[in-house]
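> Below are the structure tokens for one structure; questions will follow.
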Number of protein chains: 2
Amino acid sequence: MTTRFIAAALAASALASPLLAQQVAPPPVDPAVAALRDAALTDNSAWDIVEGLTTEVGQRMAGTEAEARARTWSVAKLKAMGFQNVHIEPYRMPVWERGAETAEILAPFPQKLTLAALGNSGATPAGGITAEVVVFPTYNDLLAAPAGSLAGRIAYVGNAMQPTQDGSSYGAFGPARFVGPAVAAQKGAVAIVIRSIGTDHHRFPHTGTTTFPDGVKPIPAAALSVPDAEQLERIAARGKPVRMKLVLTPRRTGVRESGNVIAEVPGTDPNAGIVLVGGHLDSWDLGTGAIDDASGIAITAAAAKRVMDAGRPRRTIRVVWFGAEEVGGFGGAEYAKAHTQDRHATASESDFGADRIWRFEVNLPDSARAVGDRLQTALAPLGIVRGPGVAGDGTDIGPTLRLGVAGIDLNQSGQQYFDTHHTPDDTIDRIDPQALRQNVAAWTAMLAVVANAPEEIGGVKSPR
Amino acid sequence: MTTRFIAAALAASALASPLLAQQVAPPPVDPAVAALRDAALTDNSAWDIVEGLTTEVGQRMAGTEAEARARTWSVAKLKAMGFQNVHIEPYRMPVWERGAETAEILAPFPQKLTLAALGNSGATPAGGITAEVVVFPTYNDLLAAPAGSLAGRIAYVGNAMQPTQDGSSYGAFGPARFVGPAVAAQKGAVAIVIRSIGTDHHRFPHTGTTTFPDGVKPIPAAALSVPDAEQLERIAARGKPVRMKLVLTPRRTGVRESGNVIAEVPGTDPNAGIVLVGGHLDSWDLGTGAIDDASGIAITAAAAKRVMDAGRPRRTIRVVWFGAEEVGGFGGAEYAKAHTQDRHATASESDFGADRIWRFEVNLPDSARAVGDRLQTALAPLGIVRGPGVAGDGTDIGPTLRLGVAGIDLNQSGQQYFDTHHTPDDTIDRIDPQALRQNVAAWTAMLAVVANAPEEIGGVKSPR
């Protein structure tokens with residue numbers, strides 16, 4: 001810190017080195033953008049959305065009646081906020097619903113364990129199954145197991161996931177959940193339990209989808225809480241065969257209706273392209289989906305409202321609260337399909353909780369390079385640095401980005417995100433109101449810059 | 001801090017005020033006591049006990065087969081540690097066991113809530129009950145409700161419990177659990193749900209016993225996790241009638257065997273009285289009872305072993321791992337009844353987790369006043385201060401203390417205890433190994449001082 005202060009002082013003084021003096025001065029921040037940004041630091045409307053949705057609807061699992069209630073709630077809310085063209089775009093998708101779920105060590109040390117089925121898990125008979133557990137400390141150990149070696153067994157897969165600011169440990173350890181069950185099934189396992197893909201040490205299992213490719217029959221698949229996974233590993237380390245009884249009775253309830261909720265701030269220039277922002281409305285069923293993703297829809301809508309209330313922007317801002325993200329990104333795919341004729345200037349998604357934004361990245365055409373520079377200056381006072389990467393995050397905007405739409409990512413810190421992600425503990429308690437306001441301020445500044453940018457923002461090469 | 005340092009420097013200098021200079025110098029610490037104390041700061045045997053019991057037995061609800069397995073485990077463990085006279089003293093007690101437990105808001109905002117039945121809760125029919133909820137923000141509000149006003153309703157009672165170092169907020173807010181259900185029943189309620197008597201903000205309900213006096217029929221009674229309680233309050237604050245469906249099917253399974261596990265370090269002087277230490281072996285059924293109270297039995301046994309290994313003490317040290325504490329203190333009552341003929345010098349209990357000990361208090365006869373002073377000097381290097389109160393903590397040693405036995409309390413910090421107390425999260429994850437070692441060091445020093453004290457330690461006036 002001291003070094004940085006000294007460098008800044010030197011740069012500002014006659015003693016500054018030629019190198020420092022030659023650095024390009026950052027573009028000044030438009031005072032209107034700065035004012036909007038700073039006013040957002042007292043925002044209450046994002047909290048109001050999170051509090052309302054998580055209280056008055058609660059969990060809203062994709063394709064269920066609860067998600068339908070969430071859409072009804074959302075339309076009323078977005079209209080009340082003053083948005084235009086508020087409507088639902090329905091689609092249909094296959095629905096998976098949780099059933100009973102219990103796990104019990106029968107030998108050598110009888111006791112119950114806490115777990116939750118993974119989305120797309122197969123089911124045991126109602127009376128459960130009993131089998132010996134084979135412990136794989138890591139996903140790679142599971143991969144190395146010989147073909148057929150898990151016949152009649154329950155596979156267990158551990159991990160060593162730690163928190164990371166950029167969330168990269170989810171990608172590193174997630175495969176145990178994403179595809180571990182399919183791998184275990186192909187090696188003959190009758191079921192699989194994994195250590196939760198999470199970074200907390202509380203007895204909350206972390207659910208999430210897993211995928212079985214065509215031709216692989218889904219086996220019962222569940223995540224143990226981290227303490228329960230460690231307990232199972234301690235028990236297994238005693239060296240005696242571990243027998244587990246598992247009851248998991250999720251079911252597929254058929255193809256049902258889901259939908260995207262859309263609202264707009266109409267722009268003055270219909271040819272300038274749409275600035276798409278949003279998050280997902282659906283949630284997992286264990287918590288109330290406060291960080292995942294009530295906060296994302298709240299942050300983006302609150303920011304759009306602030307820009308709207310300041311006067312009509314050049315570009316239309318479109319707020320989309322996507323449906324059915326958690327269970328396979330159906331809402332995002334349907335949106336891209338339905339809106340191929342729309343001209344999007346940029347797309348941005350908030351789906352990483354409500355902790356402070358620490359970084360932004362862009363994927364902008366050369367013609368709009370200055371937009372990125374202005375964002376850098378506008379966001380710096382919020383403690384947000386420009387990252388070296390190319391923007392392109394987001395399950396819901398992914399299909400749109402892949403069409404060549406420019407992107408801007410605002411990255412929240414992931415240090416705490418996977419403590420709560422997909423657990424019963426994903427409730428409003430986990431949200432820091434001040435951090436939420438910093439998010440709104442960042443998104444407000446971004447929208448104010450981008451929606452009003454005079455530059456053309458045309459297509460880009462998709463990073464994905 | 002600075003002021004204190006200055007005072008210490010003054011006291012040690014020629015400039016010290018007459019008042020400071022006149023203070024009695026503390027007694028020097030016996031080097032053998034100091035050596036035992038400091039060696040205990042590298043203790044692993046307490047961790048070994050907690051890890052073993054919570055892994056190889058897990059939860060051990062009073063009067064169940066799991067508690068019986070815990071006794072068998074304990075006898076083997078205490079014998080392996082080298083204790084003498086290791087045995088079980090059985091008794092019989094009434095057993096209550098948890099059943100199904102679900103809560104669901106049916107209106108105005110349908111959603112499930114997380115809760116756990118309180119010990120001694122009555123049961124709903126298997127299909128549950130549905131009734132309107134009456135919200136009482138505090139226990140006093142429940143007390144103020146007119147007779148009969150809860151007829152056909154479910155009472156909800158909130159609280160504002162905060163962490164306290166001495167755990168006193170448990171006494172302040174606990175009555176909502178201890179007797180709130182009986183009060184609600186007497187006013188006609190068909191059931192009661194309370195905000196957990198806890199200080200965390202995670203979705204873990206805190207169980208614990210409640211008591212229905214003779215003549216009051218037990219109603220279904222459960223604790224919501226703190227986030228769920230806040231959710232219910234938010235929902236009720238919307239002003240519409242709240243209808244809740246409650247399924248709680250605990251049952252009384254009759255009178256069954258429990259027992260105390262006893263082990264001794266025989267002393268050289270059979271007339272000097274027994275130094276009684278211990279904790280409770282049983283646990284609630286939601287977690288594995290690591291902080292409540294595997295840590296207490298581990299700390300006291302590990303300390304006793306350290307004194308034993310250093311040579312035979314003057315007084316017999318008796319380690320008791322009491323049974324059936326959680327559900328009504330049966331083990332402690334049975335112990336006192338069975339040992340009225342024994343001469344106890346002192347009794348001390350560890351049943352407040354494994355956080356660092358910050359304070360000790362004594363209840364010693366005048367003849368043994370110097371023992372308290374020596375404890376003060378021996379414990380000070382561990383960061384332990386002498387409290388102004390009179391020792392007398394403990395459900396299990398309470399019946400013995402009430403016979404006029406001297407007492408010494410070593411008080412752990414309660415700042416985090418009620419985050420985890422009686423929840424599924426009471427697992428080994430919550431124990432800091434270094435804090436556990438500080439506990440062992442404190443108990444080792446205490447035992448080394450007390451068991452070898454040359455003074456007579458006779459009876460005292462019981463504080464309770």
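Residues are named by chain letter and number: chains run A, B, ... in the order of the structure tokens, numbers start at 1 in each chain, and ligands are numbered from 1 in the order shown.
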Extract, using only C-alpha atoms, all DNA, RNA and protein residues at most 9 Å from Gly383 (chain A), discarding same-chain residues fewer than 6 positions from it, and format them as an NGL selection string.

:A and (356-359)

> Near region 364-379 of chain B, counting only C-alpha atoms, which residues have an atom at most 10 Å away, once you skip same-chain residues fewer than 5 positions from it, shown as a ChimeraX atom specification?

/B:26-31,33-34,37,345-346,357-359,384-387,390-391,405-408,410,441-450,452-461

> Name the residues in contact with Pro241 (chain B) at a cut-off of 10 Å, using only C-alpha atoms, excluding same-chain residues fewer than 2 positions from it; report them as number ranges by chain.

B: 107-108, 132-134, 235-239, 243-244

> Find the residues of chain A in contact range of chain B, meaning any atom within 8 Å when counting only C-alpha atoms, and list them as a ChimeraX atom specification.

/A:55-59,109-111,201-203,227,231,234-235,424-425,427,429

> Store the residues of this selection in a file with C-alpha atoms, as a tab-separated table (two decimals), in the first residue's frame.


chain	number	residue	atom	x	y	z
A	55	THR	CA	-39.97	-14.24	1.74
A	56	GLU	CA	-43.09	-14.26	-0.40
A	57	VAL	CA	-42.07	-17.10	-2.68
A	58	GLY	CA	-39.08	-18.82	-1.06
A	59	GLN	CA	-37.54	-21.70	-3.01
A	109	PHE	CA	-20.07	-47.73	13.26
A	110	PRO	CA	-23.84	-47.30	12.82
A	111	GLN	CA	-24.90	-43.70	12.33
A	201	HIS	CA	-17.47	-26.87	7.25
A	202	HIS	CA	-21.11	-26.99	8.22
A	203	ARG	CA	-23.53	-29.87	7.90
A	227	PRO	CA	-18.40	-32.75	7.86
A	231	GLN	CA	-16.79	-38.49	8.93
A	234	ARG	CA	-12.54	-41.18	9.07
A	235	ILE	CA	-14.74	-44.25	9.42
A	424	PRO	CA	-30.20	-24.92	2.76
A	425	ASP	CA	-28.18	-21.98	4.07
A	427	THR	CA	-31.01	-17.43	2.62
A	429	ASP	CA	-28.94	-14.05	6.16

> Report as a list in words all protein, DNA and RNA residues lying within 10 Å of Ala46 (chain B), evaluated on only C-alpha atoms, omitting residues in the same chain fewer than 2 positions from it.

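Near neighbours after the sequence-gap exclusion: Asp43, Asn44, Asp48, Ile49, Val50, Glu51, Gly52, Ala294, Ser295, Gly296, Ile297, Ala298, Ile299, Thr300, Ala301, Ala302, Ala303, Pro433, Leu436, Arg437, Asn439 and Val440 of chain B.
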
> Please write the residues from the selection above to a file, keeping C-alpha atoms, as a PDB file, in the first residue's frame.


ATOM      1  CA  ASP B  43      -1.848 -32.806  24.481  1.00  0.00           C
ATOM      2  CA  ASN B  44      -3.340 -35.070  21.831  1.00  0.00           C
ATOM      3  CA  ASP B  48      -8.142 -38.573  20.371  1.00  0.00           C
ATOM      4  CA  ILE B  49     -11.117 -39.186  22.680  1.00  0.00           C
ATOM      5  CA  VAL B  50     -13.360 -36.688  20.895  1.00  0.00           C
ATOM      6  CA  GLU B  51     -12.365 -38.010  17.497  1.00  0.00           C
ATOM      7  CA  GLY B  52     -12.822 -41.610  18.541  1.00  0.00           C
ATOM      8  CA  ALA B 294     -17.380 -35.304  24.069  1.00  0.00           C
ATOM      9  CA  SER B 295     -14.996 -32.429  24.672  1.00  0.00           C
ATOM     10  CA  GLY B 296     -15.882 -32.287  28.379  1.00  0.00           C
ATOM     11  CA  ILE B 297     -15.267 -35.957  29.012  1.00  0.00           C
ATOM     12  CA  ALA B 298     -12.122 -35.794  26.903  1.00  0.00           C
ATOM     13  CA  ILE B 299     -10.666 -32.756  28.648  1.00  0.00           C
ATOM     14  CA  THR B 300     -11.231 -34.111  32.145  1.00  0.00           C
ATOM     15  CA  ALA B 301      -9.976 -37.615  31.365  1.00  0.00           C
ATOM     16  CA  ALA B 302      -6.932 -36.346  29.490  1.00  0.00           C
ATOM     17  CA  ALA B 303      -6.039 -34.109  32.440  1.00  0.00           C
ATOM     18  CA  PRO B 433      -7.390 -28.243  18.713  1.00  0.00           C
ATOM     19  CA  LEU B 436      -8.875 -27.911  23.464  1.00  0.00           C
ATOM     20  CA  ARG B 437      -5.254 -28.193  24.620  1.00  0.00           C
ATOM     21  CA  ASN B 439      -8.530 -26.701  28.397  1.00  0.00           C
ATOM     22  CA  VAL B 440      -6.493 -29.811  29.134  1.00  0.00           C
TER      23      VAL B 440
END
